[in-house]
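Here's the structure we're looking at; comments come further down.
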Amino acid sequence: MPRYVMVIDQSRCIGCMSCVVACKRENDVPEEHYRTRVVEMVRGEFPRLRTEMRSELCNHCDNPPCVHICPTGASHQEADGTVQIDRKKCVGCKACITACPYDVRYINPEHGYADKCSFCQHRLEEGKEPACVATCVGGSRMFGDLDDPNSHVSQLLRDHSSRTLKPEVGTKPHVYYINQFPRKS
Amino acid sequence: MELHIVGTNAITYPAMHVWDWRVASYLFLGGLCGGLMTMSAVNYIRPSSKQSADAVNAWKIPVLIPILLTIGLIFLNLDLERPFHAFWFYLAFKPVSPMSWGAWIVFIIYPLLIAYALAALPDDIRGKIKYPSIRNAAENLKPHLLKLAKANIIAGVLLAIYTGVLLSSLVARPLWSTPILPVLFLVSGMSTGAALMIILAKSKETKLFFTKIDVWLIIAELTILLLMFYGHYVGDAAHQQAIAPFFSTSHEFFPYFLSIVVLGTFLPLAVILKFLEVTGEHTEELTTSSLMMMNFSAVLVLVGGAVIRFALVYAGQLSGYSAYM
């Protein structure tokens, strides 16, 4: 069984938002709701400024607080390490939304269930990569099996110093970030 | 058609606002019911209460508890996005989910509360019940009143504490993520329960008994509140920021500042008033002014308990860990 992770090379992100649009189209995400976002952060003091482009999405944590708090088992962890939602079991109590340190969940306004990035589970079952990865023009988002030592993501994580978001919360995310800032030319 | 892609969800950006007055009201009523269950059971169990004049009112409290809990649960159901899917709560038991525990605790407590209410009914009231099956059940349960009262003490503590456990398990919200929160909710629930007992009790002896209990509960509540804020203050940056709204006089955070002012005045004032009630000389029957003072101090405690739930539910959602690294 694979263990899926996403590696995001921040230096390759140009902030085109095509990942956000592809995600919305692929997953039929309702208007004004998003499963992924690109955060643009400017750091430093003028004129010494640096811009960080950071794609954010569900981290499919190894220790997922949303799964632990869910009273019905709607939020659950699959054998491949991804965190999924069984929509029929969701009562819309919103505990998972408050439990998520990454604020990546929302309530589907039409049906009332909690929703979030699934790593495009339906595409994974077809052997495809998530829509945001497939569409990423800069090659910033990469996806693969961490248990396969020859996979691209395994090699990237071996070759680069990586970080995860909010490690102090202890969620052990499966989304890794490398090259926080663009390389100086 | 969506023309502008912002990438943020309104429910979590710029600040989370997932739970509102409905959840806060449920937490308050849940704590109050837990406190009432325990305090009314104490009223039955304590030796001096047998056949006191308060027997007239004592039965009304076990009847009131399931009504209050039902109102709280209606609020909670109003907050559910899919209330008709609520049966899923009872098709699963998740041992690490406080919400799952809560659903099952309420499920178990309800029959206990009904049995307690039926057992507590005095003979004249029981005789007025139209349905023979209910009347017979009440008659059969009557000898078990003390056993049911003892069970209610445990169930009341569980009910009052689990709401705090629910919030404190949410590690993503630093204001809630403290092990002292369940203790605060437990003590606050017991204190509000004692306060309502004081208002509803008829005899001077019962009122003074629960006033004595409430003095210590309020002192404990204030101490725990101070310790909770101190714990956040000496914690990491996220915990320090979590309590900042309570100490900001800005327009945006004014309700939180006001809640601290209310808690900082109402609860100490209630302690002083109750201390005066306990130590003061009383006539055989309480005077109108003594009654008013007792009820006023009890109302202060009830308002304080509600303010704690509302302030913590709303402010907790403002707190979080910064993504800035």
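Identifiers for the structure tokens are assigned positionally: chains receive A, B, ... in sequence, residues are indexed from 1 per chain, and ligands are indexed from 1 in the order shown.
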
Give me the residues of range 11-62 of chain A that have any atom at most 7 Å from an atom of range 111-122 of chain A; for each, the nearest atom pair and the distance in Å, rounded to one decimal. Use only C-alpha atoms, sort by chain and number, and format it as JSON lines.
```
{"residue": "A:Arg35", "atom": "CA", "partner": "A:Cys117", "partner_atom": "CA", "distance": 5.1}
{"residue": "A:Leu57", "atom": "CA", "partner": "A:Cys117", "partner_atom": "CA", "distance": 6.5}
{"residue": "A:Cys58", "atom": "CA", "partner": "A:Cys117", "partner_atom": "CA", "distance": 5.5}
```

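Non-sequential neighbours of range 211-227 of chain B (distance at most 7 Å, separation of 3 or more positions within a chain, only C-alpha atoms) are Leu184, Val187, Ser188, Ser191, Ala194, Ala195, Ile198, Lys207, Leu208, Tyr230, Gly231, Leu267, Val271, Lys274, Phe275 and Val278 of chain B.
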
Output for the residues just chosen: N, CA and C atoms as a compact mmCIF listing (two decimals), in the first residue's frame:
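Output below, filename selection.txt:
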```
# COMPACT_ATOMS: atom_id res chain seq x y z
N LEU B 184 -12.64 23.89 34.96
CA LEU B 184 -13.38 25.16 35.06
C LEU B 184 -14.86 24.93 34.74
N VAL B 187 -16.57 23.01 37.67
CA VAL B 187 -16.82 23.84 38.86
C VAL B 187 -17.89 24.89 38.55
N SER B 188 -17.81 25.49 37.37
CA SER B 188 -18.79 26.49 36.99
C SER B 188 -20.19 25.87 36.88
N SER B 191 -21.46 25.28 40.31
CA SER B 191 -21.78 26.55 40.95
C SER B 191 -23.13 27.09 40.45
N ALA B 194 -25.90 25.01 41.94
CA ALA B 194 -26.17 25.41 43.33
C ALA B 194 -26.95 26.73 43.35
N ALA B 195 -26.60 27.64 42.44
CA ALA B 195 -27.27 28.95 42.39
C ALA B 195 -28.76 28.77 42.07
N ILE B 198 -30.63 27.49 44.95
CA ILE B 198 -30.91 28.56 45.93
C ILE B 198 -32.18 29.32 45.53
N LYS B 207 -31.73 26.97 51.41
CA LYS B 207 -31.08 28.10 50.73
C LYS B 207 -29.70 28.36 51.33
N LEU B 208 -29.62 28.35 52.66
CA LEU B 208 -28.33 28.62 53.31
C LEU B 208 -27.34 27.48 53.08
N TYR B 230 -3.36 32.66 33.66
CA TYR B 230 -1.93 32.66 33.97
C TYR B 230 -1.22 31.61 33.11
N GLY B 231 -1.84 30.44 32.99
CA GLY B 231 -1.26 29.37 32.18
C GLY B 231 -1.06 29.80 30.74
N LEU B 267 -18.67 37.75 39.99
CA LEU B 267 -18.36 36.59 40.83
C LEU B 267 -17.83 37.00 42.21
N VAL B 271 -19.65 36.27 45.86
CA VAL B 271 -18.99 35.66 47.03
C VAL B 271 -19.24 36.50 48.27
N LYS B 274 -22.88 36.28 49.36
CA LYS B 274 -23.18 34.97 49.94
C LYS B 274 -22.53 34.81 51.30
N PHE B 275 -21.31 35.38 51.43
CA PHE B 275 -20.64 35.32 52.73
C PHE B 275 -21.46 36.07 53.79
N VAL B 278 -24.46 33.94 54.74
CA VAL B 278 -24.14 32.79 55.58
C VAL B 278 -23.83 33.23 57.01
```

List as JSON lines every residue of chain A that is in contact with chain B, defined as an atom at most 7 Å from one of its atoms (using only C-alpha atoms), together with the nearest atom pair and the distance in Å rounded to one decimal, sorted by chain and then rising number.
```
{"residue": "A:Val20", "atom": "CA", "partner": "B:Gly7", "partner_atom": "CA", "distance": 6.9}
{"residue": "A:Glu31", "atom": "CA", "partner": "B:Glu2", "partner_atom": "CA", "distance": 6.3}
{"residue": "A:Glu32", "atom": "CA", "partner": "B:Asn9", "partner_atom": "CA", "distance": 6.8}
{"residue": "A:His33", "atom": "CA", "partner": "B:Asn9", "partner_atom": "CA", "distance": 5.3}
{"residue": "A:Tyr34", "atom": "CA", "partner": "B:Gly7", "partner_atom": "CA", "distance": 5.5}
{"residue": "A:Thr36", "atom": "CA", "partner": "B:Gly7", "partner_atom": "CA", "distance": 6.4}
{"residue": "A:Arg37", "atom": "CA", "partner": "B:Gly7", "partner_atom": "CA", "distance": 4.4}
{"residue": "A:Val38", "atom": "CA", "partner": "B:Gly7", "partner_atom": "CA", "distance": 6.8}
{"residue": "A:His68", "atom": "CA", "partner": "B:Ser97", "partner_atom": "CA", "distance": 5.6}
{"residue": "A:Ile69", "atom": "CA", "partner": "B:Ser97", "partner_atom": "CA", "distance": 4.5}
{"residue": "A:Cys70", "atom": "CA", "partner": "B:Ser97", "partner_atom": "CA", "distance": 6.2}
{"residue": "A:Pro71", "atom": "CA", "partner": "B:Ser100", "partner_atom": "CA", "distance": 4.3}
{"residue": "A:Thr72", "atom": "CA", "partner": "B:Phe89", "partner_atom": "CA", "distance": 5.3}
{"residue": "A:Lys89", "atom": "CA", "partner": "B:Trp88", "partner_atom": "CA", "distance": 6.1}
{"residue": "A:Val91", "atom": "CA", "partner": "B:Arg82", "partner_atom": "CA", "distance": 4.9}
{"residue": "A:Gly92", "atom": "CA", "partner": "B:Glu81", "partner_atom": "CA", "distance": 4.4}
{"residue": "A:Cys93", "atom": "CA", "partner": "B:Leu80", "partner_atom": "CA", "distance": 5.0}
{"residue": "A:Lys94", "atom": "CA", "partner": "B:Val18", "partner_atom": "CA", "distance": 6.8}
{"residue": "A:Ala99", "atom": "CA", "partner": "B:Leu170", "partner_atom": "CA", "distance": 5.1}
{"residue": "A:Cys100", "atom": "CA", "partner": "B:Ala172", "partner_atom": "CA", "distance": 6.1}
{"residue": "A:Pro101", "atom": "CA", "partner": "B:Ala172", "partner_atom": "CA", "distance": 4.4}
{"residue": "A:Asp103", "atom": "CA", "partner": "B:Thr12", "partner_atom": "CA", "distance": 6.0}
{"residue": "A:Tyr106", "atom": "CA", "partner": "B:Ile11", "partner_atom": "CA", "distance": 6.6}
{"residue": "A:Gly112", "atom": "CA", "partner": "B:Glu81", "partner_atom": "CA", "distance": 5.0}
{"residue": "A:Leu165", "atom": "CA", "partner": "B:Ala323", "partner_atom": "CA", "distance": 6.6}
{"residue": "A:Lys166", "atom": "CA", "partner": "B:Ala323", "partner_atom": "CA", "distance": 6.2}
{"residue": "A:Val169", "atom": "CA", "partner": "B:Val171", "partner_atom": "CA", "distance": 6.9}
```

**Prompt:** Which neighbours of Met6 in chain A fall inside 9 Å, counting only C-alpha atoms, when residues of the same chain fewer than 6 positions from it are skipped, and could you give them as a VMD selection string?
**Reply:** chain A and resid 59 119 133 141 to 145 153 174 to 177

Can I get the selected residues back with N, CA and C atoms, as a tab-separated table (two decimals), in the first residue's frame?
```
chain	number	residue	atom	x	y	z
A	59	ASN	N	-3.42	18.73	4.89
A	59	ASN	CA	-2.10	18.12	5.07
A	59	ASN	C	-2.15	16.60	5.21
A	119	PHE	N	-6.88	14.79	-1.95
A	119	PHE	CA	-5.78	14.41	-2.84
A	119	PHE	C	-6.36	13.84	-4.14
A	133	VAL	N	-1.74	19.01	-9.05
A	133	VAL	CA	-0.38	18.61	-9.43
A	133	VAL	C	-0.27	18.53	-10.95
A	141	ARG	N	4.12	21.73	-7.47
A	141	ARG	CA	3.47	20.67	-6.69
A	141	ARG	C	3.87	19.30	-7.24
A	142	MET	N	4.36	18.46	-6.36
A	142	MET	CA	4.74	17.11	-6.76
A	142	MET	C	4.09	16.11	-5.83
A	143	PHE	N	3.79	14.94	-6.36
A	143	PHE	CA	2.99	13.98	-5.61
A	143	PHE	C	3.53	12.59	-5.83
A	144	GLY	N	3.48	11.77	-4.80
A	144	GLY	CA	3.93	10.40	-5.00
A	144	GLY	C	3.89	9.59	-3.73
A	145	ASP	N	4.55	8.43	-3.82
A	145	ASP	CA	4.53	7.44	-2.73
A	145	ASP	C	5.83	7.56	-1.93
A	153	VAL	N	9.13	12.04	-5.12
A	153	VAL	CA	8.97	12.76	-3.85
A	153	VAL	C	9.97	12.24	-2.80
A	174	HIS	N	1.49	15.29	5.86
A	174	HIS	CA	2.00	14.60	4.68
A	174	HIS	C	2.18	15.56	3.51
A	175	VAL	N	2.19	16.84	3.81
A	175	VAL	CA	2.52	17.84	2.78
A	175	VAL	C	3.81	18.51	3.23
A	176	TYR	N	4.82	18.39	2.38
A	176	TYR	CA	6.15	18.91	2.72
A	176	TYR	C	6.48	20.10	1.84
A	177	TYR	N	7.22	21.03	2.41
A	177	TYR	CA	7.61	22.24	1.68
A	177	TYR	C	9.14	22.28	1.56
```

**Fill in**
Residue with the minimum atom-to-atom distance to Ile71 in chain B, picked from B:Gly30, B:Gly127, B:Gly164, B:Gly280 with only C-alpha atoms counted, is B:Gly30
